[in-house]
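Worksheet for the structure shown next.
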Amino acid sequence: SKDELKMVNSDCENMMDDAGFRKLLRKFASAKNDEGMIDAFRRNTRSYCLETAQIRKLGQLMSTDEYRYQLLDMAYPKTYDSERYAGLSDLLSDSYYQGRFKAMLHK
């Protein structure tokens, strides 16, 4: 039935397609620093939802846990396969941010 196909996050109506994601990746790669990447994410994902795997690719381009956590925090409500999201904790090496990430998931 149709209901079984429904993704976990029912707020997601507009999925970012591959072309849109490639554009976002390019903007990430050309940002001067992690802050620029966060800014690119904010500006380019306004009305979109993404997959956990896409968020992982973005997070891997960042150089600090502080901004990686910001990205994960910002992207969580925009992720449609949110049941996979906990797996992204391995992007964070700092136990402080790992703890915050776990707490964020249980909000």
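Residues in the structure tokens are numbered from 1 in each chain, the chains being A, B, ... in the order shown, and ligands are numbered from 1 in the order shown.
Neighbours of segment 25-28 of chain A closer than or equal to 7 Å, with only C-alpha atoms counted and sequence neighbours fewer than 2 positions away skipped, come out as Phe21, Arg22, Lys23, Ser30, Ala31, Met37, Ala40 and Leu58 of chain A.
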Can you pull out the residues contacting Tyr69 of chain A? Cut-off 9 Å, using only C-alpha atoms, and skip same-chain residues under 5 positions away; I want them as number ranges by chain. A: 59, 64, 74, 91-92, 97-98, 100-101
Every residue of chain A that DSSP places in helix (DSSP H, G or I), as a ChimeraX atom specification: /A:2-5,18-30,34-44,52-60,65-78,82-91,95-105
What does the file look like for those residues with C-alpha atoms, as a tab-separated table (two decimals), in the first residue's frame?
```tsv
chain	number	residue	atom	x	y	z
A	2	LYS	CA	0.96	3.62	-0.46
A	3	ASP	CA	1.36	4.24	3.27
A	4	GLU	CA	4.09	1.65	3.62
A	5	LEU	CA	6.21	3.46	1.05
A	18	ASP	CA	20.87	14.68	-8.23
A	19	ALA	CA	21.51	17.80	-10.28
A	20	GLY	CA	20.54	20.01	-7.35
A	21	PHE	CA	22.75	18.02	-5.02
A	22	ARG	CA	25.74	18.20	-7.39
A	23	LYS	CA	25.28	21.96	-7.49
A	24	LEU	CA	25.22	22.05	-3.69
A	25	LEU	CA	28.36	19.87	-3.54
A	26	ARG	CA	30.15	22.27	-5.88
A	27	LYS	CA	29.17	25.21	-3.69
A	28	PHE	CA	30.45	23.32	-0.64
A	29	ALA	CA	33.72	22.45	-2.33
A	30	SER	CA	34.28	26.06	-3.40
A	34	ASP	CA	33.29	25.53	7.10
A	35	GLU	CA	31.27	28.64	7.86
A	36	GLY	CA	30.87	29.24	4.13
A	37	MET	CA	29.68	25.65	3.75
A	38	ILE	CA	27.02	26.12	6.43
A	39	ASP	CA	25.93	29.28	4.65
A	40	ALA	CA	25.75	27.45	1.31
A	41	PHE	CA	23.66	24.74	2.91
A	42	ARG	CA	21.26	27.25	4.46
A	43	ARG	CA	20.84	29.15	1.21
A	44	ASN	CA	20.49	26.19	-1.14
A	52	THR	CA	21.20	10.87	4.98
A	53	ALA	CA	23.85	9.71	2.48
A	54	GLN	CA	23.90	13.19	0.91
A	55	ILE	CA	24.33	14.82	4.30
A	56	ARG	CA	27.26	12.46	4.93
A	57	LYS	CA	28.97	13.60	1.71
A	58	LEU	CA	28.59	17.23	2.74
A	59	GLY	CA	29.82	16.59	6.27
A	60	GLN	CA	32.91	14.83	4.96
A	65	ASP	CA	33.42	18.94	14.37
A	66	GLU	CA	31.92	22.24	15.49
A	67	TYR	CA	30.60	23.04	12.02
A	68	ARG	CA	29.93	19.41	11.18
A	69	TYR	CA	27.62	19.28	14.18
A	70	GLN	CA	25.95	22.54	13.05
A	71	LEU	CA	25.34	20.95	9.67
A	72	LEU	CA	23.91	17.78	11.21
A	73	ASP	CA	21.69	19.82	13.50
A	74	MET	CA	20.44	22.00	10.65
A	75	ALA	CA	19.95	19.13	8.22
A	76	TYR	CA	18.11	16.74	10.56
A	77	PRO	CA	14.62	18.22	10.04
A	78	LYS	CA	15.30	18.22	6.28
A	82	SER	CA	15.66	10.04	9.34
A	83	GLU	CA	15.79	6.47	10.67
A	84	ARG	CA	19.32	6.27	9.18
A	85	TYR	CA	20.50	9.56	10.63
A	86	ALA	CA	22.04	8.18	13.81
A	87	GLY	CA	24.68	6.50	11.64
A	88	LEU	CA	26.19	9.91	10.92
A	89	SER	CA	27.62	10.09	14.44
A	90	ASP	CA	30.86	8.65	13.04
A	91	LEU	CA	31.44	11.97	11.24
A	95	SER	CA	32.86	13.14	22.24
A	96	TYR	CA	31.30	16.48	23.23
A	97	TYR	CA	29.69	16.82	19.80
A	98	GLN	CA	28.84	13.12	19.67
A	99	GLY	CA	26.92	13.60	22.90
A	100	ARG	CA	25.11	16.64	21.56
A	101	PHE	CA	24.28	14.75	18.38
A	102	LYS	CA	22.74	11.86	20.37
A	103	ALA	CA	20.73	14.32	22.45
A	104	MET	CA	19.54	16.09	19.29
A	105	LEU	CA	18.25	12.81	17.84
```
Nearest to Asp11 of chain A, restricted to only C-alpha atoms and choosing among A:Leu50, A:Asn33, A:His106, A:Tyr80, comes out as A:Tyr80
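Backbone DSSP over chain A gives strand (DSSP E or B) for A:Met15, A:Cys49, A:Leu50, A:Thr79.
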Same residues, N, CA and C atoms, output as a PDB file, in the first residue's frame:
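Generated file (again-v3.pdb):
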```
ATOM      1  N   MET A  15      11.969  16.698  -2.769  1.00  0.00           N
ATOM      2  CA  MET A  15      13.273  16.061  -2.674  1.00  0.00           C
ATOM      3  C   MET A  15      14.274  16.783  -3.569  1.00  0.00           C
ATOM      4  N   CYS A  49      14.326  18.560   0.822  1.00  0.00           N
ATOM      5  CA  CYS A  49      14.762  17.517   1.733  1.00  0.00           C
ATOM      6  C   CYS A  49      15.872  16.709   1.073  1.00  0.00           C
ATOM      7  N   LEU A  50      16.729  16.143   1.906  1.00  0.00           N
ATOM      8  CA  LEU A  50      17.878  15.398   1.422  1.00  0.00           C
ATOM      9  C   LEU A  50      17.899  14.010   2.035  1.00  0.00           C
ATOM     10  N   THR A  79      15.842  15.866   6.555  1.00  0.00           N
ATOM     11  CA  THR A  79      16.271  14.561   6.067  1.00  0.00           C
ATOM     12  C   THR A  79      15.093  13.613   6.037  1.00  0.00           C
TER      13      THR A  79
END
```
